[in-house]
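*Asks:* Pasting data_6.pdb here (PDB, C-alpha atoms and all ligand atoms):
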ATOM      1  CA  MET A  75      25.454  21.905 -11.958
ATOM      2  CA  ALA A  76      27.606  18.857 -12.513
ATOM      3  CA  GLN A  77      26.553  16.668 -15.409
ATOM      4  CA  PRO A  78      25.642  13.118 -14.395
ATOM      5  CA  ARG A  79      28.520  10.741 -14.891
ATOM      6  CA  ARG A  80      28.122   8.629 -17.987
ATOM      7  CA  PRO A  81      30.422   5.646 -17.691
ATOM      8  CA  PRO A  82      30.587   3.711 -20.962
ATOM      9  CA  ILE A  83      28.824   0.362 -21.007
ATOM     10  CA  PRO A  84      31.624  -2.208 -20.647
ATOM     11  CA  ALA A  85      32.337  -3.888 -24.008
ATOM     12  CA  ALA A  86      31.661  -7.397 -22.677
ATOM     13  CA  ALA A  87      28.313  -6.342 -21.182
ATOM     14  CA  ARG A  88      27.343  -4.631 -24.419
ATOM     15  CA  GLU A  89      28.212  -7.729 -26.465
ATOM     16  CA  ALA A  90      26.352 -10.029 -24.091
ATOM     17  CA  LEU A  91      23.277  -7.804 -24.207
ATOM     18  CA  LEU A  92      23.246  -7.569 -27.991
ATOM     19  CA  TYR A  93      23.695 -11.326 -28.288
ATOM     20  CA  ARG A  94      20.923 -11.976 -25.787
ATOM     21  CA  ASN A  95      18.647  -9.768 -27.855
ATOM     22  CA  ASP A  96      19.739 -11.203 -31.205
ATOM     23  CA  HIS A  97      20.893  -7.687 -32.118
ATOM     24  CA  THR A  98      17.224  -6.872 -32.570
ATOM     25  CA  CYS A  99      14.890  -4.254 -31.128
ATOM     26  CA  CYS A 100      13.026  -5.727 -28.133
ATOM     27  CA  ILE A 101       9.920  -3.640 -28.872
ATOM     28  CA  CYS A 102       9.194  -4.114 -32.590
ATOM     29  CA  ASN A 103      11.420  -7.212 -33.099
ATOM     30  CA  ASP A 104      12.213  -5.997 -36.618
ATOM     31  CA  ARG A 105      15.537  -7.623 -37.478
ATOM     32  CA  SER A 106      16.286  -5.287 -40.369
ATOM     33  CA  ARG A 107      16.597  -2.172 -38.206
ATOM     34  CA  ASP A 108      19.735  -0.707 -36.710
ATOM     35  CA  VAL A 109      19.712  -0.765 -32.932
ATOM     36  CA  GLN A 110      21.079   1.137 -29.989
ATOM     37  CA  ILE A 111      21.157   0.617 -26.254
ATOM     38  CA  HIS A 112      18.670   2.449 -24.072
ATOM     39  CA  HIS A 113      18.909   3.056 -20.306
ATOM     40  CA  ILE A 114      15.424   2.144 -19.132
ATOM     41  CA  ASP A 115      15.394   4.223 -15.945
ATOM     42  CA  GLY A 116      16.852   7.237 -17.728
ATOM     43  CA  ASP A 117      20.040   7.110 -15.660
ATOM     44  CA  PRO A 118      22.991   6.893 -18.068
ATOM     45  CA  ALA A 119      25.243   5.754 -15.232
ATOM     46  CA  ASN A 120      23.114   2.694 -14.478
ATOM     47  CA  ASN A 121      24.627   0.003 -16.671
ATOM     48  CA  ALA A 122      23.060  -2.889 -14.772
ATOM     49  CA  PRO A 123      22.013  -5.603 -17.256
ATOM     50  CA  GLU A 124      18.337  -5.293 -16.374
ATOM     51  CA  ASN A 125      18.433  -1.562 -17.031
ATOM     52  CA  LEU A 126      19.671  -1.846 -20.609
ATOM     53  CA  ALA A 127      17.282  -2.414 -23.497
ATOM     54  CA  VAL A 128      18.132  -2.953 -27.153
ATOM     55  CA  VAL A 129      15.878  -0.736 -29.253
ATOM     56  CA  CYS A 130      15.815   0.444 -32.855
ATOM     57  CA  LEU A 131      16.111   4.150 -33.620
ATOM     58  CA  ASP A 132      12.429   4.503 -34.333
ATOM     59  CA  CYS A 133      11.294   2.800 -31.133
ATOM     60  CA  HIS A 134      13.962   4.697 -29.206
ATOM     61  CA  SER A 135      12.424   7.992 -30.225
ATOM     62  CA  ARG A 136       9.083   6.733 -28.853
ATOM     63  CA  VAL A 137      10.752   5.592 -25.682
ATOM     64  CA  THR A 138      12.367   8.921 -24.967
ATOM     65  CA  GLY A 139       9.137  10.678 -25.815
ATOM     66  CA  ALA A 140      10.465  12.917 -28.589
ATOM     67  CA  ARG A 141       7.410  12.432 -30.763
ATOM     68  CA  GLY A 142       5.344  15.494 -30.072
ATOM     69  CA  LEU A 143       1.842  14.484 -29.112
ATOM     70  CA  GLY A 144       2.411  10.733 -29.446
ATOM     71  CA  GLN A 145       2.246   8.622 -26.341
ATOM     72  CA  SER A 146       5.746   7.474 -25.388
ATOM     73  CA  TYR A 147       6.662   4.125 -23.854
ATOM     74  CA  ARG A 148       7.057   4.221 -20.095
ATOM     75  CA  PRO A 149       9.976   2.468 -18.336
ATOM     76  CA  GLY A 150       7.669  -0.261 -17.070
ATOM     77  CA  GLU A 151       6.518  -1.042 -20.597
ATOM     78  CA  VAL A 152      10.071  -1.167 -21.927
ATOM     79  CA  ARG A 153      10.981  -3.600 -19.150
ATOM     80  CA  LYS A 154       8.083  -5.823 -20.170
ATOM     81  CA  TYR A 155       9.189  -5.791 -23.804
ATOM     82  CA  LYS A 156      12.789  -6.507 -22.898
ATOM     83  CA  ARG A 157      11.838  -9.316 -20.582
ATOM     84  CA  THR A 158       9.482 -10.956 -23.068
ATOM     85  CA  TRP A 159      11.884 -10.702 -25.981
ATOM     86  CA  GLU A 160      14.879 -12.035 -24.091
ATOM     87  CA  ARG A 161      12.886 -14.952 -22.685
ATOM     88  CA  ARG A 162      11.492 -15.806 -26.102
ATOM     89  CA  LEU A 163      14.970 -15.863 -27.644
ATOM     90  CA  GLU A 164      16.307 -17.905 -24.774
ATOM     91  CA  ALA A 165      13.604 -20.503 -25.338
ATOM     92  CA  ARG A 166      14.211 -20.462 -29.087
ATOM     93  CA  ARG A 167      17.905 -21.083 -28.619
ATOM     94  CA  HIS A 168      17.277 -23.844 -26.110
ATOM     95  CA  VAL A 169      19.882 -22.322 -23.909
ATOM     96  CA  HIS A 170      20.492 -24.983 -21.365
ATOM     97  CA  ARG A 171      22.525 -24.907 -18.259
ATOM     98  CA  PRO A 172      25.354 -27.324 -17.577
ATOM     99  CA  ALA A 173      24.249 -30.750 -16.376
ATOM    100  CA  PRO A 174      23.096 -30.628 -12.768
ATOM    101  CA  VAL A 175      25.911 -31.157 -10.344
ATOM    102  CA  ASP A 176      25.863 -31.750  -6.639
ATOM    103  CA  ALA A 177      24.541 -28.402  -5.435
ATOM    104  CA  GLY A 178      26.018 -28.865  -1.957
ATOM    105  CA  PRO A 179      29.518 -27.451  -2.602
ATOM    106  CA  LEU A 180      28.070 -24.626  -4.702
ATOM    107  CA  ALA A 181      25.682 -23.672  -1.931
ATOM    108  CA  ALA A 182      28.658 -23.582   0.411
ATOM    109  CA  GLN A 183      30.342 -21.241  -2.069
ATOM    110  CA  VAL A 184      27.373 -18.896  -1.831
ATOM    111  CA  ASP A 185      27.797 -18.757   1.943
ATOM    112  CA  LEU A 186      31.512 -18.116   1.579
ATOM    113  CA  ILE A 187      30.934 -15.250  -0.839
ATOM    114  CA  VAL A 188      28.363 -13.739   1.515
ATOM    115  CA  CYS A 189      30.860 -13.934   4.382
ATOM    116  CA  GLU A 190      33.531 -12.355   2.269
ATOM    117  CA  ILE A 191      31.244  -9.449   1.360
ATOM    118  CA  LEU A 192      30.478  -8.947   5.039
ATOM    119  CA  ALA A 193      34.168  -9.014   5.867
ATOM    120  CA  SER A 194      34.866  -6.235   3.367
ATOM    121  CA  GLN A 195      31.877  -4.006   4.000
ATOM    122  CA  ARG A 196      33.758  -0.764   3.565
ATOM    123  CA  ASP A 197      35.228  -1.835   0.256
ATOM    124  CA  ALA A 198      32.545  -1.075  -2.323
ATOM    125  CA  LYS A 199      34.672  -2.188  -5.259
ATOM    126  CA  LYS A 200      35.340  -5.607  -3.834
ATOM    127  CA  ALA A 201      31.728  -6.014  -2.746
ATOM    128  CA  THR A 202      30.530  -5.088  -6.237
ATOM    129  CA  ARG A 203      32.752  -7.775  -7.711
ATOM    130  CA  LEU A 204      31.634 -10.407  -5.231
ATOM    131  CA  LEU A 205      27.953  -9.568  -5.659
ATOM    132  CA  GLU A 206      28.464 -10.034  -9.379
ATOM    133  CA  VAL A 207      29.961 -13.477  -8.723
ATOM    134  CA  LEU A 208      26.873 -14.351  -6.690
ATOM    135  CA  TYR A 209      24.606 -13.111  -9.472
ATOM    136  CA  ASN A 210      26.453 -15.077 -12.150
ATOM    137  CA  LEU A 211      26.568 -18.222 -10.065
ATOM    138  CA  ASN A 212      22.797 -18.011  -9.790
ATOM    139  CA  LEU A 213      22.359 -17.447 -13.533
ATOM    140  CA  TRP A 214      24.734 -20.183 -14.519
ATOM    141  CA  ARG A 215      23.926 -22.942 -12.049
ATOM    142  CA  GLY A 216      20.702 -21.592 -10.699
ATOM    143  CA  ASP A 217      18.869 -24.743  -9.742
ATOM    144  CA  LYS A 218      16.130 -24.605  -7.131
ATOM    145  CA  SER A 219      18.256 -25.091  -4.044
ATOM    146  CA  LEU A 220      20.910 -22.668  -5.203
ATOM    147  CA  ARG A 221      18.383 -19.942  -6.061
ATOM    148  CA  LYS A 222      16.965 -20.240  -2.580
ATOM    149  CA  ARG A 223      20.435 -20.020  -1.092
ATOM    150  CA  VAL A 224      21.324 -16.915  -3.119
ATOM    151  CA  VAL A 225      18.148 -15.144  -2.044
ATOM    152  CA  GLU A 226      18.820 -16.137   1.573
ATOM    153  CA  GLY A 227      22.387 -14.900   1.267
ATOM    154  CA  LEU A 228      21.198 -11.557  -0.064
ATOM    155  CA  SER A 229      18.611 -11.295   2.738
ATOM    156  CA  HIS A 230      21.334 -11.836   5.255
ATOM    157  CA  LEU A 231      23.487  -9.220   3.558
ATOM    158  CA  ALA A 232      20.582  -6.770   3.538
ATOM    159  CA  MET A 233      20.206  -7.106   7.264
ATOM    160  CA  MET A 234      23.886  -6.920   8.105
ATOM    161  CA  THR A 235      24.763  -4.067   5.754
ATOM    162  CA  GLY A 236      21.692  -2.159   6.936
ATOM    163  CA  LEU A 237      23.108  -2.311  10.445
ATOM    164  CA  ASP A 238      26.337  -0.635   9.445
ATOM    165  CA  SER A 239      25.412   2.921   8.637
ATOM    166  CA  ARG A 240      28.777   3.689   7.090
ATOM    167  CA  SER A 241      28.784   0.677   4.809
ATOM    168  CA  PRO A 242      28.724   1.672   1.127
ATOM    169  CA  VAL A 243      27.570  -1.860   0.390
ATOM    170  CA  ALA A 244      23.911  -1.503   1.449
ATOM    171  CA  PRO A 245      22.747   0.266  -1.740
ATOM    172  CA  LEU A 246      24.608  -2.318  -3.817
ATOM    173  CA  VAL A 247      22.742  -5.106  -2.039
ATOM    174  CA  ALA A 248      19.395  -3.400  -2.697
ATOM    175  CA  LYS A 249      20.198  -3.218  -6.379
ATOM    176  CA  LYS A 250      21.371  -6.805  -6.546
ATOM    177  CA  LEU A 251      18.177  -8.017  -4.905
ATOM    178  CA  TRP A 252      16.244  -6.585  -7.804
ATOM    179  CA  GLU A 253      18.673  -7.880 -10.427
ATOM    180  CA  VAL A 254      18.524 -11.403  -9.031
ATOM    181  CA  CYS A 255      14.748 -11.310  -8.617
ATOM    182  CA  TRP A 256      14.323  -9.968 -12.110
ATOM    183  CA  HIS A 257      15.014 -13.505 -13.306
ATOM    184  CA  PHE A 258      12.089 -14.881 -11.338
ATOM    185  CA  ILE A 259       9.688 -12.589 -13.122
ATOM    186  CA  GLY A 260       8.424 -14.154 -16.305
ATOM    187  CA  PRO A 261       7.599 -12.277 -19.495
ATOM    188  CA  HIS A 262       4.134 -10.821 -19.152
ATOM    189  CA  ASP A 263       2.578 -13.451 -21.406
ATOM    190  CA  VAL A 264       3.919 -16.247 -19.197
ATOM    191  CA  PRO A 265       2.462 -16.642 -15.720
ATOM    192  CA  MET A 266       4.878 -16.421 -12.813
ATOM    193  CA  ASP A 267       4.781 -19.699 -10.883
ATOM    194  CA  ALA A 268       4.249 -19.932  -7.140
ATOM    195  CA  GLU A 269       7.910 -20.579  -6.390
ATOM    196  CA  ASP A 270       9.035 -17.544  -8.379
ATOM    197  CA  GLU A 271       6.466 -15.461  -6.559
ATOM    198  CA  ARG A 272       7.802 -16.677  -3.215
ATOM    199  CA  HIS A 273      11.318 -15.651  -4.224
ATOM    200  CA  VAL A 274      10.105 -12.214  -5.231
ATOM    201  CA  VAL A 275       8.317 -11.783  -1.904
ATOM    202  CA  ARG A 276      11.480 -12.876  -0.091
ATOM    203  CA  CYS A 277      13.496 -10.271  -1.976
ATOM    204  CA  ILE A 278      10.989  -7.599  -0.949
ATOM    205  CA  ASP A 279      11.187  -8.778   2.663
ATOM    206  CA  ALA A 280      14.962  -8.394   2.458
ATOM    207  CA  LEU A 281      14.507  -4.838   1.184
ATOM    208  CA  GLU A 282      12.219  -4.256   4.151
ATOM    209  CA  SER A 283      14.975  -5.316   6.585
ATOM    210  CA  LEU A 284      17.363  -3.052   4.755
ATOM    211  CA  ALA A 285      14.962  -0.095   4.959
ATOM    212  CA  SER A 286      14.195  -0.691   8.636
ATOM    213  CA  PHE A 287      17.812  -1.040   9.699
ATOM    214  CA  THR A 288      18.917   1.899   7.597
ATOM    215  CA  CYS A 289      16.161   3.930   9.250
ATOM    216  CA  SER A 290      17.083   2.936  12.784
ATOM    217  CA  ASN A 291      20.634   3.997  12.030
ATOM    218  CA  GLY A 292      19.459   7.211  10.498
ATOM    219  CA  HIS A 293      22.515   7.902   8.396
ATOM    220  CA  GLY A 294      22.202   6.025   5.163
ATOM    221  CA  ARG A 295      20.318   8.314   2.801
ATOM    222  CA  GLY A 296      21.888   6.561  -0.170
ATOM    223  CA  ALA A 297      20.905   3.156   1.146
ATOM    224  CA  LEU A 298      17.304   4.184   1.838
ATOM    225  CA  LYS A 299      16.993   5.854  -1.549
ATOM    226  CA  ALA A 300      18.354   2.769  -3.338
ATOM    227  CA  THR A 301      16.045   0.491  -1.332
ATOM    228  CA  LEU A 302      12.945   2.520  -2.146
ATOM    229  CA  GLU A 303      13.862   2.665  -5.830
ATOM    230  CA  GLU A 304      13.972  -1.122  -5.957
ATOM    231  CA  VAL A 305      10.794  -1.697  -3.965
ATOM    232  CA  GLU A 306       8.965   0.644  -6.343
ATOM    233  CA  LYS A 307       9.980  -1.617  -9.226
ATOM    234  CA  PHE A 308       8.721  -4.666  -7.341
ATOM    235  CA  PHE A 309       5.425  -2.920  -6.643
ATOM    236  CA  GLN A 310       5.075  -2.294 -10.347
ATOM    237  CA  VAL A 311       5.735  -5.959 -11.069
ATOM    238  CA  GLY A 312       2.928  -6.805  -8.625
ATOM    239  CA  LEU A 313       0.653  -4.497 -10.619
ATOM    240  CA  TRP A 314       1.577  -6.000 -13.999
ATOM    241  CA  TYR A 315       0.855  -9.527 -12.852
ATOM    242  CA  ARG A 316      -1.929  -8.572 -10.492
ATOM    243  CA  ARG A 317      -0.215 -10.342  -7.627
ATOM    244  CA  ARG A 318      -1.587  -9.204  -4.307
ATOM    245  CA  ARG A 319       1.122 -10.972  -2.320
ATOM    246  CA  ILE A 320       3.796  -8.933  -4.091
ATOM    247  CA  ILE A 321       1.854  -5.688  -3.791
ATOM    248  CA  ASN A 322       1.169  -6.326  -0.107
ATOM    249  CA  ALA A 323       4.793  -7.202   0.612
ATOM    250  CA  ALA A 324       5.888  -3.961  -1.039
ATOM    251  CA  LEU A 325       3.367  -1.845   0.882
ATOM    252  CA  ALA A 326       4.225  -3.608   4.146
ATOM    253  CA  LEU A 327       7.741  -2.218   3.810
ATOM    254  CA  TYR A 328       6.388   1.309   4.245
ATOM    255  CA  ARG A 329       4.228   0.437   7.200
ATOM    256  CA  LYS A 330       6.940  -1.501   8.996
ATOM    257  CA  SER A 331       9.876   0.803   8.399
ATOM    258  CA  ARG A 332       7.865   3.917   9.262
ATOM    259  CA  GLY A 333       8.256   3.243  12.993
ATOM    260  CA  ASP A 334      11.976   2.704  12.631
ATOM    261  CA  CYS A 335      12.272   5.919  10.646
ATOM    262  CA  SER A 336      10.491   8.168  13.119
ATOM    263  CA  GLY A 337      13.666   9.445  14.772
ATOM    264  CA  TRP A 338      15.268  10.483  11.500
ATOM    265  CA  SER A 339      13.747  13.423   9.678
ATOM    266  CA  TYR A 340      14.870  12.271   6.223
ATOM    267  CA  GLY A 341      13.369   8.793   6.593
ATOM    268  CA  PRO A 342       9.614   9.501   6.695
ATOM    269  CA  VAL A 343       9.937  12.179   4.027
ATOM    270  CA  ALA A 344      11.639   9.732   1.659
ATOM    271  CA  LEU A 345       9.079   7.014   2.447
ATOM    272  CA  LEU A 346       6.177   9.346   1.783
ATOM    273  CA  ALA A 347       7.672  10.627  -1.484
ATOM    274  CA  SER A 348       8.120   7.035  -2.596
ATOM    275  CA  LEU A 349       4.504   6.172  -1.707
ATOM    276  CA  ARG A 350       3.333   9.099  -3.802
ATOM    277  CA  ARG A 351       5.305   7.730  -6.748
ATOM    278  CA  LEU A 352       3.567   4.390  -6.214
ATOM    279  CA  ARG A 353       0.220   6.147  -6.289
ATOM    280  CA  ARG A 354       1.136   7.726  -9.609
ATOM    281  CA  VAL A 355       2.260   4.397 -11.060
ATOM    282  CA  SER A 356      -0.850   2.611  -9.827
ATOM    283  CA  LYS A 357      -3.001   5.151 -11.631
ATOM    284  CA  GLN A 358      -0.964   4.813 -14.827
ATOM    285  CA  GLU A 359      -1.147   1.033 -14.679
ATOM    286  CA  ARG A 360      -4.857   1.180 -13.828
ATOM    287  CA  ALA A 361      -4.446  -0.780 -10.623
ATOM    288  CA  SER A 362      -7.584  -2.283  -9.102
ATOM    289  CA  SER A 363      -9.503   0.052  -6.834
ATOM    290  CA  PRO A 364      -8.737  -1.948  -3.645
ATOM    291  CA  VAL A 365      -5.035  -1.423  -4.335
ATOM    292  CA  GLN A 366      -5.530   2.288  -4.980
ATOM    293  CA  ARG A 367      -7.593   2.622  -1.811
ATOM    294  CA  GLN A 368      -4.989   0.743   0.202
ATOM    295  CA  LEU A 369      -2.302   3.134  -1.032
ATOM    296  CA  GLN A 370      -4.455   6.139  -0.383
ATOM    297  CA  ARG A 371      -5.120   4.989   3.173
ATOM    298  CA  LEU A 372      -1.443   4.418   3.774
ATOM    299  CA  ILE A 373      -0.588   7.896   2.567
ATOM    300  CA  ALA A 374      -3.394   9.546   4.524
ATOM    301  CA  ASP A 375      -3.106   7.556   7.764
ATOM    302  CA  GLY A 376       0.605   7.679   8.096
ATOM    303  CA  ASP A 377       2.228   9.881  10.642
ATOM    304  CA  TRP A 378       4.831  10.760   8.078
ATOM    305  CA  ILE A 379       6.304  13.890   9.525
ATOM    306  CA  PRO A 380       8.666  13.173  12.429
ATOM    307  CA  ALA A 381       7.957  14.932  15.713
ATOM    308  CA  THR A 382      11.264  16.808  15.620
ATOM    309  CA  SER A 383      10.475  18.683  12.408
ATOM    310  CA  ARG A 384       6.797  19.440  13.040
TER
HETATM  311 ZN    ZN B 401      11.926  -1.091 -32.789
END
Give the structure from this file in structure tokens form.
Ligand SMILES: [Zn+2]
*Replies:*
Amino acid sequence: MAQPRRPPIPAAAREALLYRNDHTCCICNDRSRDVQIHHIDGDPANNAPENLAVVCLDCHSRVTGARGLGQSYRPGEVRKYKRTWERRLEARRHVHRPAPVDAGPLAAQVDLIVCEILASQRDAKKATRLLEVLYNLNLWRGDKSLRKRVVEGLSHLAMMTGLDSRSPVAPLVAKKLWEVCWHFIGPHDVPMDAEDERHVVRCIDALESLASFTCSNGHGRGALKATLEEVEKFFQVGLWYRRRRIINAALALYRKSRGDCSGWSYGPVALLASLRRLRRVSKQERASSPVQRQLQRLIADGDWIPATSR
């Protein structure tokens, strides 16, 4: 079997990550220890910034579970540590954004970038670059109005790329929705405010459009897989913060896209497999019993097997 591709982490991304983490392990925060970079989801090809954690050798061995009977850190926990540590350092450094400027022209830029992505839907390389511009614009100048515009732009992209079953851009949009929304999710010791929660719910709604359209088209396995991977992460965020709106938005995706998936044998199978992963996570995270019941009902009620393959 072919080994998974392991593209090196680009030097600039590696430097930025180490700087953001003060070259210090995000789990134990012990500055004296040597560190390395860990791929949180276990996929060595996924060099997205939110998937990379700086950990010391000792913590890394706990993360990868090579400690015999010891309990290893799960991906969700590592994400929490990373998030908390990076936010804490950011606050300590008083990183401030450039003085507010007139957001109007920047918002127009967001729309232009979105249009350009749509115009080059078959060109994954170009779309990747443009999505990165969108992401950075949000990080750099991300005031309220611009954040809203970026999320809206991504929602629009989700819908339009979901419609084009041959577009390689749809999975990239799913991923970017999570990366952008990741910044709305506070460290677990800081409550997420109502506006951040709204943004997160909007991102999940965009994933729902993507899932539904991909399903109606019935070709985009990659796009559906990428979408479900991201919605699973959002579900987990809902569990960490005990946010029913987020949990409900995530579960609604399964209910709503199920109908659109019924004509495509892969669709319902992928949705059901994803729901079962959510059930596992909700047990691990000790979700409240209403949430576990809701999941159980969804799994049991659903007409998950399409008529054609019964
Ligand atoms: Zn450590």
*Asks:* Against ligand ZN 401 (chain B), which residues of chain A fall within 7 Å? For each one I want the closest pair of atoms and the distance in Å (one decimal), counting only C-alpha atoms and all ligand atoms, rows by chain and increasing residue number, as a Markdown table.
*Replies:*
| residue | atom | partner | partner_atom | distance |
| --- | --- | --- | --- | --- |
| A:Cys99 | CA | B:ZN401 | ZN | 4.6 |
| A:Cys100 | CA | B:ZN401 | ZN | 6.7 |
| A:Ile101 | CA | B:ZN401 | ZN | 5.1 |
| A:Cys102 | CA | B:ZN401 | ZN | 4.1 |
| A:Asn103 | CA | B:ZN401 | ZN | 6.1 |
| A:Asp104 | CA | B:ZN401 | ZN | 6.2 |
| A:Val129 | CA | B:ZN401 | ZN | 5.3 |
| A:Cys130 | CA | B:ZN401 | ZN | 4.2 |
| A:Leu131 | CA | B:ZN401 | ZN | 6.8 |
| A:Asp132 | CA | B:ZN401 | ZN | 5.8 |
| A:Cys133 | CA | B:ZN401 | ZN | 4.3 |
*Asks:* For the residues in that selection, give me C-alpha atoms as a PDB file, in the coordinates of the input.
*Replies:*
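Final output, saved to selection.pdb:
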ATOM      1  CA  CYS A  99      14.890  -4.254 -31.128  1.00  0.00           C
ATOM      2  CA  CYS A 100      13.026  -5.727 -28.133  1.00  0.00           C
ATOM      3  CA  ILE A 101       9.920  -3.640 -28.872  1.00  0.00           C
ATOM      4  CA  CYS A 102       9.194  -4.114 -32.590  1.00  0.00           C
ATOM      5  CA  ASN A 103      11.420  -7.212 -33.099  1.00  0.00           C
ATOM      6  CA  ASP A 104      12.213  -5.997 -36.618  1.00  0.00           C
ATOM      7  CA  VAL A 129      15.878  -0.736 -29.253  1.00  0.00           C
ATOM      8  CA  CYS A 130      15.815   0.444 -32.855  1.00  0.00           C
ATOM      9  CA  LEU A 131      16.111   4.150 -33.620  1.00  0.00           C
ATOM     10  CA  ASP A 132      12.429   4.503 -34.333  1.00  0.00           C
ATOM     11  CA  CYS A 133      11.294   2.800 -31.133  1.00  0.00           C
TER      12      CYS A 133
END
*Asks:* Taking the file above as input, evaluate the PyMOL selection byres (((chain A and resi 276-289) around 6) and not hetatm) and report the hits as a ChimeraX atom specification.
*Replies:* /A:229,232-233,236-237,251,273-275,290-292,294,298,327,331,334-335
*Asks:* Just give me the gap between CA of Leu369 in chain A and CA of Tyr155 in chain A in Å, one decimal is fine.
*Replies:*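 Going from CA of Leu369 in chain A over to CA of Tyr155 in chain A, I get 27.0 Å.
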*Asks:* Report as lines of an AutoDock Vina configuration file the centre and the edge lengths, in Å to one decimal, of the axis-aligned box holding every listed atom of range 236-244 of chain A, padded by 8 Å on each side.
*Replies:*
center_x = 25.2
center_y = 0.7
center_z = 5.4
size_x = 23.1
size_y = 22.0
size_z = 26.1
*Asks:* For a quick check of understanding, using all atoms listed in the file, which of A:Ile373, A:Ala268, A:Val243, A:Leu352 has the smallest distance to Glu304 in chain A?
*Replies:* A:Leu352
*Asks:* Could you complete range 266-283 of chain A so that it carries N, CA and C atoms, and give it back as a PDB file, in the coordinates of the input?
*Replies:*
ATOM      1  N   MET A 266       3.809 -16.193 -13.777  1.00  0.00           N
ATOM      2  CA  MET A 266       4.878 -16.421 -12.813  1.00  0.00           C
ATOM      3  C   MET A 266       4.416 -17.594 -11.940  1.00  0.00           C
ATOM      4  N   ASP A 267       5.271 -18.588 -11.706  1.00  0.00           N
ATOM      5  CA  ASP A 267       4.781 -19.699 -10.883  1.00  0.00           C
ATOM      6  C   ASP A 267       4.922 -19.357  -9.394  1.00  0.00           C
ATOM      7  N   ALA A 268       4.338 -20.242  -8.575  1.00  0.00           N
ATOM      8  CA  ALA A 268       4.249 -19.932  -7.140  1.00  0.00           C
ATOM      9  C   ALA A 268       5.629 -19.803  -6.517  1.00  0.00           C
ATOM     10  N   GLU A 269       6.580 -20.623  -6.985  1.00  0.00           N
ATOM     11  CA  GLU A 269       7.910 -20.579  -6.390  1.00  0.00           C
ATOM     12  C   GLU A 269       8.598 -19.244  -6.729  1.00  0.00           C
ATOM     13  N   ASP A 270       8.452 -18.832  -7.982  1.00  0.00           N
ATOM     14  CA  ASP A 270       9.035 -17.544  -8.379  1.00  0.00           C
ATOM     15  C   ASP A 270       8.435 -16.419  -7.544  1.00  0.00           C
ATOM     16  N   GLU A 271       7.126 -16.502  -7.337  1.00  0.00           N
ATOM     17  CA  GLU A 271       6.466 -15.461  -6.559  1.00  0.00           C
ATOM     18  C   GLU A 271       7.003 -15.429  -5.126  1.00  0.00           C
ATOM     19  N   ARG A 272       7.238 -16.620  -4.572  1.00  0.00           N
ATOM     20  CA  ARG A 272       7.802 -16.677  -3.215  1.00  0.00           C
ATOM     21  C   ARG A 272       9.171 -16.006  -3.161  1.00  0.00           C
ATOM     22  N   HIS A 273       9.991 -16.276  -4.187  1.00  0.00           N
ATOM     23  CA  HIS A 273      11.318 -15.651  -4.224  1.00  0.00           C
ATOM     24  C   HIS A 273      11.204 -14.121  -4.277  1.00  0.00           C
ATOM     25  N   VAL A 274      10.275 -13.664  -5.095  1.00  0.00           N
ATOM     26  CA  VAL A 274      10.105 -12.214  -5.231  1.00  0.00           C
ATOM     27  C   VAL A 274       9.703 -11.617  -3.881  1.00  0.00           C
ATOM     28  N   VAL A 275       8.765 -12.291  -3.206  1.00  0.00           N
ATOM     29  CA  VAL A 275       8.317 -11.783  -1.904  1.00  0.00           C
ATOM     30  C   VAL A 275       9.485 -11.780  -0.907  1.00  0.00           C
ATOM     31  N   ARG A 276      10.316 -12.831  -0.980  1.00  0.00           N
ATOM     32  CA  ARG A 276      11.480 -12.876  -0.091  1.00  0.00           C
ATOM     33  C   ARG A 276      12.432 -11.711  -0.369  1.00  0.00           C
ATOM     34  N   CYS A 277      12.617 -11.400  -1.629  1.00  0.00           N
ATOM     35  CA  CYS A 277      13.496 -10.271  -1.976  1.00  0.00           C
ATOM     36  C   CYS A 277      12.928  -8.964  -1.407  1.00  0.00           C
ATOM     37  N   ILE A 278      11.604  -8.822  -1.486  1.00  0.00           N
ATOM     38  CA  ILE A 278      10.989  -7.599  -0.949  1.00  0.00           C
ATOM     39  C   ILE A 278      11.150  -7.558   0.569  1.00  0.00           C
ATOM     40  N   ASP A 279      10.993  -8.729   1.211  1.00  0.00           N
ATOM     41  CA  ASP A 279      11.187  -8.778   2.663  1.00  0.00           C
ATOM     42  C   ASP A 279      12.612  -8.355   3.021  1.00  0.00           C
ATOM     43  N   ALA A 280      13.569  -8.777   2.196  1.00  0.00           N
ATOM     44  CA  ALA A 280      14.962  -8.394   2.458  1.00  0.00           C
ATOM     45  C   ALA A 280      15.133  -6.880   2.324  1.00  0.00           C
ATOM     46  N   LEU A 281      14.454  -6.294   1.334  1.00  0.00           N
ATOM     47  CA  LEU A 281      14.507  -4.838   1.184  1.00  0.00           C
ATOM     48  C   LEU A 281      13.906  -4.162   2.414  1.00  0.00           C
ATOM     49  N   GLU A 282      12.851  -4.817   2.960  1.00  0.00           N
ATOM     50  CA  GLU A 282      12.219  -4.256   4.151  1.00  0.00           C
ATOM     51  C   GLU A 282      13.204  -4.227   5.327  1.00  0.00           C
ATOM     52  N   SER A 283      13.970  -5.328   5.505  1.00  0.00           N
ATOM     53  CA  SER A 283      14.975  -5.316   6.585  1.00  0.00           C
ATOM     54  C   SER A 283      15.971  -4.200   6.340  1.00  0.00           C
TER      55      SER A 283
END
